[in-house]
Structures are given as C-alpha cells and as structure tokens.
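Asker: Here you go, protein-v8.pdb (PDB, C-alpha atoms):
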```
ATOM      1  CA  MET A   3       0.000   0.000   0.000  1.00  0.00           C
ATOM      2  CA  ASP A   4       1.194   3.484  -0.762  1.00  0.00           C
ATOM      3  CA  THR A   5       2.030   5.609   2.267  1.00  0.00           C
ATOM      4  CA  GLU A   6       0.694   8.932   1.100  1.00  0.00           C
ATOM      5  CA  LYS A   7      -0.094  11.233   4.042  1.00  0.00           C
ATOM      6  CA  GLN A   8      -3.434  12.837   4.830  1.00  0.00           C
ATOM      7  CA  ARG A   9      -3.794  16.548   4.240  1.00  0.00           C
ATOM      8  CA  SER A  10      -6.812  18.776   4.424  1.00  0.00           C
ATOM      9  CA  SER A  11      -8.569  20.460   1.554  1.00  0.00           C
ATOM     10  CA  PRO A  12      -8.512  24.247   1.250  1.00  0.00           C
ATOM     11  CA  ASP A  13     -12.230  24.722   1.992  1.00  0.00           C
ATOM     12  CA  GLY A  14     -13.900  21.378   2.608  1.00  0.00           C
ATOM     13  CA  THR A  15     -17.176  22.003   0.786  1.00  0.00           C
ATOM     14  CA  VAL A  16     -18.439  22.649  -2.709  1.00  0.00           C
ATOM     15  CA  PRO A  17     -17.718  26.262  -3.763  1.00  0.00           C
ATOM     16  CA  GLY A  18     -20.778  28.417  -3.114  1.00  0.00           C
ATOM     17  CA  GLN A  19     -22.255  25.849  -0.728  1.00  0.00           C
ATOM     18  CA  LYS A  20     -23.665  27.427   2.458  1.00  0.00           C
ATOM     19  CA  ALA A  21     -23.176  24.421   4.746  1.00  0.00           C
ATOM     20  CA  LEU A  22     -20.365  24.566   7.248  1.00  0.00           C
ATOM     21  CA  PRO A  23     -17.665  21.923   6.892  1.00  0.00           C
ATOM     22  CA  VAL A  24     -18.594  18.674   8.628  1.00  0.00           C
ATOM     23  CA  LEU A  25     -15.266  18.280  10.403  1.00  0.00           C
ATOM     24  CA  THR A  26     -14.394  20.887  12.998  1.00  0.00           C
ATOM     25  CA  ALA A  27     -10.828  21.851  13.884  1.00  0.00           C
ATOM     26  CA  GLU A  28     -11.172  19.574  16.926  1.00  0.00           C
ATOM     27  CA  ASP A  29     -12.285  16.694  14.709  1.00  0.00           C
ATOM     28  CA  VAL A  30      -9.306  17.166  12.398  1.00  0.00           C
ATOM     29  CA  ALA A  31      -6.949  17.279  15.393  1.00  0.00           C
ATOM     30  CA  ALA A  32      -8.443  14.028  16.718  1.00  0.00           C
ATOM     31  CA  LEU A  33      -8.081  12.348  13.321  1.00  0.00           C
ATOM     32  CA  GLU A  34      -4.505  13.583  12.971  1.00  0.00           C
ATOM     33  CA  GLU A  35      -3.709  12.103  16.362  1.00  0.00           C
ATOM     34  CA  LEU A  36      -5.033   8.746  15.183  1.00  0.00           C
ATOM     35  CA  CYS A  37      -2.675   8.841  12.181  1.00  0.00           C
ATOM     36  CA  GLY A  38       0.435   8.057  14.189  1.00  0.00           C
ATOM     37  CA  ASP A  39       4.007   8.357  12.964  1.00  0.00           C
ATOM     38  CA  VAL A  40       4.573   4.793  11.759  1.00  0.00           C
ATOM     39  CA  SER A  41       1.081   3.316  11.566  1.00  0.00           C
ATOM     40  CA  GLY A  42      -2.375   4.578  12.261  1.00  0.00           C
ATOM     41  CA  TYR A  43      -5.579   3.589  13.934  1.00  0.00           C
ATOM     42  CA  PHE A  44      -7.605   3.523  10.740  1.00  0.00           C
ATOM     43  CA  TYR A  45     -10.584   1.558  12.066  1.00  0.00           C
ATOM     44  CA  LYS A  46     -10.841   4.065  14.918  1.00  0.00           C
ATOM     45  CA  MET A  47     -10.678   6.905  12.395  1.00  0.00           C
ATOM     46  CA  LEU A  48     -13.599   5.399  10.481  1.00  0.00           C
ATOM     47  CA  ASP A  49     -15.593   4.870  13.674  1.00  0.00           C
ATOM     48  CA  TYR A  50     -14.884   8.467  14.698  1.00  0.00           C
ATOM     49  CA  MET A  51     -16.092   9.827  11.346  1.00  0.00           C
ATOM     50  CA  ASP A  52     -19.181   7.605  11.289  1.00  0.00           C
ATOM     51  CA  GLN A  53     -20.092   8.808  14.778  1.00  0.00           C
ATOM     52  CA  ARG A  54     -19.444  12.444  13.826  1.00  0.00           C
ATOM     53  CA  VAL A  55     -21.813  12.157  10.864  1.00  0.00           C
ATOM     54  CA  ARG A  56     -24.519  10.424  12.939  1.00  0.00           C
ATOM     55  CA  ASP A  57     -24.238  13.030  15.691  1.00  0.00           C
ATOM     56  CA  GLY A  58     -24.152  15.982  13.293  1.00  0.00           C
ATOM     57  CA  VAL A  59     -27.208  14.759  11.378  1.00  0.00           C
ATOM     58  CA  ARG A  60     -29.079  14.074  14.643  1.00  0.00           C
ATOM     59  CA  ARG A  61     -28.285  17.584  15.927  1.00  0.00           C
ATOM     60  CA  GLY A  62     -29.287  19.158  12.602  1.00  0.00           C
ATOM     61  CA  GLU A  63     -25.816  20.571  11.872  1.00  0.00           C
ATOM     62  CA  PHE A  64     -25.894  19.090   8.367  1.00  0.00           C
ATOM     63  CA  THR A  65     -27.671  16.420   6.377  1.00  0.00           C
ATOM     64  CA  GLU A  66     -26.168  13.086   5.421  1.00  0.00           C
ATOM     65  CA  GLU A  67     -26.049  14.345   1.826  1.00  0.00           C
ATOM     66  CA  GLN A  68     -24.053  17.402   2.910  1.00  0.00           C
ATOM     67  CA  ALA A  69     -21.700  15.166   4.883  1.00  0.00           C
ATOM     68  CA  ARG A  70     -21.111  12.911   1.903  1.00  0.00           C
ATOM     69  CA  ALA A  71     -20.460  15.951  -0.317  1.00  0.00           C
ATOM     70  CA  ASP A  72     -17.909  17.433   2.091  1.00  0.00           C
ATOM     71  CA  LEU A  73     -14.415  17.320   0.595  1.00  0.00           C
ATOM     72  CA  ASP A  74     -12.447  17.137   3.851  1.00  0.00           C
ATOM     73  CA  LEU A  75     -14.588  14.327   5.188  1.00  0.00           C
ATOM     74  CA  ALA A  76     -14.243  12.432   1.909  1.00  0.00           C
ATOM     75  CA  LEU A  77     -10.462  12.845   1.956  1.00  0.00           C
ATOM     76  CA  TRP A  78     -10.198  11.587   5.523  1.00  0.00           C
ATOM     77  CA  TYR A  79     -12.657   8.763   4.888  1.00  0.00           C
ATOM     78  CA  ALA A  80     -10.787   7.528   1.823  1.00  0.00           C
ATOM     79  CA  TYR A  81      -7.438   7.912   3.593  1.00  0.00           C
ATOM     80  CA  ALA A  82      -8.602   5.643   6.408  1.00  0.00           C
ATOM     81  CA  CYS A  83     -10.268   3.138   4.074  1.00  0.00           C
ATOM     82  CA  LEU A  84      -7.243   2.844   1.789  1.00  0.00           C
ATOM     83  CA  ASN A  85      -4.927   2.326   4.741  1.00  0.00           C
ATOM     84  CA  VAL A  86      -7.047  -0.451   6.245  1.00  0.00           C
ATOM     85  CA  ASP A  87      -5.845  -2.296   3.142  1.00  0.00           C
ATOM     86  CA  GLU A  88      -8.799  -4.682   2.769  1.00  0.00           C
ATOM     87  CA  TYR A  89     -11.132  -5.043  -0.200  1.00  0.00           C
ATOM     88  CA  GLU A  90     -14.278  -4.135   1.770  1.00  0.00           C
ATOM     89  CA  TYR A  91     -12.752  -0.777   2.675  1.00  0.00           C
ATOM     90  CA  TYR A  92     -11.547  -0.054  -0.850  1.00  0.00           C
ATOM     91  CA  TYR A  93     -15.134  -0.659  -1.917  1.00  0.00           C
ATOM     92  CA  ARG A  94     -16.489   1.613   0.838  1.00  0.00           C
ATOM     93  CA  ALA A  95     -14.190   4.410  -0.315  1.00  0.00           C
ATOM     94  CA  SER A  96     -15.227   3.898  -3.933  1.00  0.00           C
ATOM     95  CA  GLN A  97     -18.871   4.255  -2.887  1.00  0.00           C
ATOM     96  CA  TRP A  98     -18.309   7.317  -0.657  1.00  0.00           C
ATOM     97  CA  MET A  99     -16.122   9.449  -2.914  1.00  0.00           C
ATOM     98  CA  PRO A 100     -18.394  10.284  -5.899  1.00  0.00           C
ATOM     99  CA  ASP A 101     -20.694  12.512  -3.822  1.00  0.00           C
ATOM    100  CA  SER A 102     -17.810  14.888  -3.111  1.00  0.00           C
ATOM    101  CA  GLU A 103     -16.478  15.072  -6.669  1.00  0.00           C
ATOM    102  CA  PRO A 104     -18.031  18.531  -7.330  1.00  0.00           C
ATOM    103  CA  ALA A 105     -15.892  19.901  -4.474  1.00  0.00           C
ATOM    104  CA  ALA A 106     -12.706  18.214  -5.719  1.00  0.00           C
ATOM    105  CA  LYS A 107     -11.752  20.740  -8.413  1.00  0.00           C
ATOM    106  CA  GLY A 108      -8.027  21.417  -8.045  1.00  0.00           C
ATOM    107  CA  CYS A 109      -7.526  18.628  -5.489  1.00  0.00           C
ATOM    108  CA  GLY A 110      -5.262  15.934  -6.901  1.00  0.00           C
ATOM    109  CA  THR A 111      -5.472  14.126  -3.575  1.00  0.00           C
ATOM    110  CA  TRP A 112      -9.183  13.453  -4.105  1.00  0.00           C
ATOM    111  CA  TYR A 113      -8.577  12.091  -7.608  1.00  0.00           C
ATOM    112  CA  TYR A 114      -5.691   9.932  -6.405  1.00  0.00           C
ATOM    113  CA  ARG A 115      -7.695   8.410  -3.551  1.00  0.00           C
ATOM    114  CA  TYR A 116     -10.753   7.758  -5.656  1.00  0.00           C
ATOM    115  CA  ALA A 117      -8.609   6.245  -8.413  1.00  0.00           C
ATOM    116  CA  ALA A 118      -6.789   4.054  -5.895  1.00  0.00           C
ATOM    117  CA  SER A 119     -10.051   2.764  -4.464  1.00  0.00           C
ATOM    118  CA  LEU A 120     -11.314   2.006  -7.971  1.00  0.00           C
ATOM    119  CA  MET A 121      -8.062   0.285  -8.889  1.00  0.00           C
ATOM    120  CA  TYR A 122      -8.149  -1.990  -5.847  1.00  0.00           C
ATOM    121  CA  CYS A 123     -11.764  -2.853  -6.742  1.00  0.00           C
ATOM    122  CA  GLY A 124     -10.661  -3.932 -10.211  1.00  0.00           C
ATOM    123  CA  ARG A 125     -12.256  -1.001 -12.028  1.00  0.00           C
ATOM    124  CA  LEU A 126      -9.045  -0.191 -13.884  1.00  0.00           C
ATOM    125  CA  GLU A 127     -10.353   1.897 -16.796  1.00  0.00           C
ATOM    126  CA  GLU A 128     -12.213   4.206 -14.398  1.00  0.00           C
ATOM    127  CA  ALA A 129      -9.218   4.295 -12.082  1.00  0.00           C
ATOM    128  CA  ARG A 130      -6.980   5.398 -14.925  1.00  0.00           C
ATOM    129  CA  LYS A 131      -9.382   8.160 -15.939  1.00  0.00           C
ATOM    130  CA  TYR A 132      -9.416   9.580 -12.403  1.00  0.00           C
ATOM    131  CA  ALA A 133      -5.669   9.147 -11.859  1.00  0.00           C
ATOM    132  CA  GLU A 134      -4.954  11.001 -15.098  1.00  0.00           C
ATOM    133  CA  GLN A 135      -7.376  13.760 -14.057  1.00  0.00           C
ATOM    134  CA  GLY A 136      -5.579  14.039 -10.729  1.00  0.00           C
ATOM    135  CA  THR A 137      -2.367  14.945 -12.541  1.00  0.00           C
ATOM    136  CA  VAL A 138      -4.256  17.721 -14.337  1.00  0.00           C
ATOM    137  CA  GLU A 139      -6.010  19.020 -11.233  1.00  0.00           C
ATOM    138  CA  GLU A 140      -2.816  19.189  -9.156  1.00  0.00           C
ATOM    139  CA  PRO A 141       0.295  18.633 -11.281  1.00  0.00           C
ATOM    140  CA  ASP A 142       2.643  18.895  -8.283  1.00  0.00           C
ATOM    141  CA  TYR A 143       0.986  16.035  -6.366  1.00  0.00           C
ATOM    142  CA  PRO A 144       3.398  13.101  -6.790  1.00  0.00           C
ATOM    143  CA  TRP A 145       1.037  10.307  -5.687  1.00  0.00           C
ATOM    144  CA  ALA A 146      -1.313  11.013  -8.599  1.00  0.00           C
ATOM    145  CA  TRP A 147       1.626  10.617 -10.979  1.00  0.00           C
ATOM    146  CA  LEU A 148       2.715   7.362  -9.316  1.00  0.00           C
ATOM    147  CA  LEU A 149      -0.743   5.836  -9.650  1.00  0.00           C
ATOM    148  CA  THR A 150      -1.032   7.115 -13.206  1.00  0.00           C
ATOM    149  CA  ALA A 151       2.296   5.430 -13.995  1.00  0.00           C
ATOM    150  CA  LYS A 152       1.103   2.130 -12.519  1.00  0.00           C
ATOM    151  CA  LEU A 153      -2.076   2.217 -14.552  1.00  0.00           C
ATOM    152  CA  ARG A 154      -0.343   3.269 -17.771  1.00  0.00           C
ATOM    153  CA  SER A 155       2.050   0.384 -17.286  1.00  0.00           C
ATOM    154  CA  HIS A 156      -0.831  -2.003 -16.701  1.00  0.00           C
ATOM    155  CA  PHE A 157      -2.346  -0.939 -20.008  1.00  0.00           C
ATOM    156  CA  GLY A 158       0.965  -1.577 -21.793  1.00  0.00           C
ATOM    157  CA  GLU A 159       2.085   2.022 -22.214  1.00  0.00           C
ATOM    158  CA  LYS A 160       5.665   1.688 -20.998  1.00  0.00           C
ATOM    159  CA  GLU A 161       6.989   5.030 -22.281  1.00  0.00           C
ATOM    160  CA  ALA A 162       3.978   6.936 -20.946  1.00  0.00           C
ATOM    161  CA  ALA A 163       4.364   5.166 -17.604  1.00  0.00           C
ATOM    162  CA  LEU A 164       8.037   6.135 -17.386  1.00  0.00           C
ATOM    163  CA  ALA A 165       7.138   9.726 -18.272  1.00  0.00           C
ATOM    164  CA  ALA A 166       4.617   9.779 -15.401  1.00  0.00           C
ATOM    165  CA  VAL A 167       7.221   8.419 -12.996  1.00  0.00           C
ATOM    166  CA  GLY A 168       9.637  11.119 -14.137  1.00  0.00           C
ATOM    167  CA  GLN A 169       7.014  13.817 -13.683  1.00  0.00           C
ATOM    168  CA  GLY A 170       6.103  12.586 -10.201  1.00  0.00           C
TER     169      GLY A 170
END
```
Please rewrite the model in this file as structure tokens.
Answerer:
Amino acid sequence: MDTEKQRSSPDGTVPGQKALPVLTAEDVAALEELCGDVSGYFYKMLDYMDQRVRDGVRRGEFTEEQARADLDLALWYAYACLNVDEYEYYYRASQWMPDSEPAAKGCGTWYYRYAASLMYCGRLEEARKYAEQGTVEEPDYPWAWLLTAKLRSHFGEKEAALAAVGQG
C-alpha cells in the first residue's frame, strides 16, 4: 500500500455551498492524532467519522447528503479506508467518494484516492481516468503521478508510464 499522508482540503465544501464543513478543527486534530508516525488507527478513524456524521445529522448541523459531499470528510474517509488495506474498505471508499467530486476541483489528492479505491476494486479503466485527471487538477501532487504510472504500465504504455514516474 502506498504511504501517502493525509492533508486537508482548502475549503472542505463545494464552492458556493452554504453548509459549514462537517469536520471541525477539533475533529481534524483528533483524526490527525489517530494517524500516528509509523502506523495509524484507521478503524478508529472510520468509527470516529461515522459517529461524527450520525451526531451531526441528529443535531441538525448538516444532512447526510451534505456530509457525503464534504471534501475534507471524503479525503479523511478515503485515507482511512485505503490504509485499512482490505477489499471491503476499498469498496467503501469507492462508494463514498463520488458525492464529493463537485468539491474536488483542483484537489489531486481526491482524484488519487478515488482512483486508488477504484483500482483496488478492479475497475481499472475508471481508475486510470481519475488518476490522469488528478495529474491535471494538481500537477505537483506526486502520488497522482505514481498511480497514473502504474495504470499506464498495466495498459501496456511503458513510455507513458516512465514519463509519469519522471514527472512525479
């Protein structure tokens, strides 16, 4: 599994959206603490986020749809799922991510994580499309280039794969 680190999005929600971000500064600090230096507590991260969404919906802070559309929450959710490193969690990430795609403009991290979840679910053509888009959205994000290289190589494009590695 790749060891790409979690980082927050610039705004967390779809541009122009009135809803406040789902994750508070305290939530982000708690999730960061669960990351650890060498390994993380990824199941605990997922439990924390699931509870945060349930509590926020119950208190009327946001709807479940707003939570699923929130970029920061999607990034954290996919980060935890991908690092659990089990098929069920790759699938969960692949199901969660599409709702936040409108907020992902300019965020190569989102495209990388969605592409990785698709790749590990065997949806390679879709994964390649999103990995390639990640390199466009954020050309300086090396993990998008690495995944793009892997997928180009899989599809037999050796020179294009090497170019992606060089770019990343």
Asker: If the PyMOL selection byres ((chain A and resi 48-51) around 9) is run on the structure shown, which residues does it catch, given as a compact mmCIF listing (two decimals) with C-alpha atoms, in the frame of the given file?
Answerer:
```
# COMPACT_ATOMS: atom_id res chain seq x y z
CA LEU A 25 -15.27 18.28 10.40
CA ASP A 29 -12.28 16.69 14.71
CA ALA A 32 -8.44 14.03 16.72
CA LEU A 33 -8.08 12.35 13.32
CA TYR A 43 -5.58 3.59 13.93
CA PHE A 44 -7.60 3.52 10.74
CA TYR A 45 -10.58 1.56 12.07
CA LYS A 46 -10.84 4.07 14.92
CA MET A 47 -10.68 6.90 12.40
CA ASP A 52 -19.18 7.60 11.29
CA GLN A 53 -20.09 8.81 14.78
CA ARG A 54 -19.44 12.44 13.83
CA VAL A 55 -21.81 12.16 10.86
CA ARG A 56 -24.52 10.42 12.94
CA LEU A 75 -14.59 14.33 5.19
CA TRP A 78 -10.20 11.59 5.52
CA TYR A 79 -12.66 8.76 4.89
CA ALA A 82 -8.60 5.64 6.41
CA CYS A 83 -10.27 3.14 4.07
```
Asker: Just say which residues the PyMOL selection byres ((chain A and resi 101-113) around 6) picks in this file, as a list in words.
Answerer: Thr15, Val16, Arg70, Ala71, Asp72, Leu73, Met99, Pro100, Tyr114, Arg115, Tyr116, Ala117, Tyr132, Ala133, Gly136, Glu139 and Glu140 of chain A
Asker: Can you measure atom CA of A:Ala163 to atom CA of A:Gly124 for me? One decimal in Å is fine.
Answerer: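 Separating atom CA of A:Ala163 from atom CA of A:Gly124 is a distance of 19.1 Å.
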Asker: Atom CA of A:Ser41 and atom CA of A:Leu126, how far apart in Å?
Answerer: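 These atoms are spaced 27.6 Å apart.
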Asker: Quote the spacing between atom CA of A:Trp98 and atom CA of A:Ala118 in Å to one decimal place.
Answerer: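 Separation of atom CA of A:Trp98 and atom CA of A:Ala118: 13.1 Å.
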Asker: So which residues touch A:Tyr122 within 12 Å, counting all atoms listed in the file, skipping near sequence neighbours fewer than 5 positions away, as a VMD selection string?
Answerer: chain A and resid 3 to 4 83 to 85 87 to 96 115 to 117 127 to 130 149 153
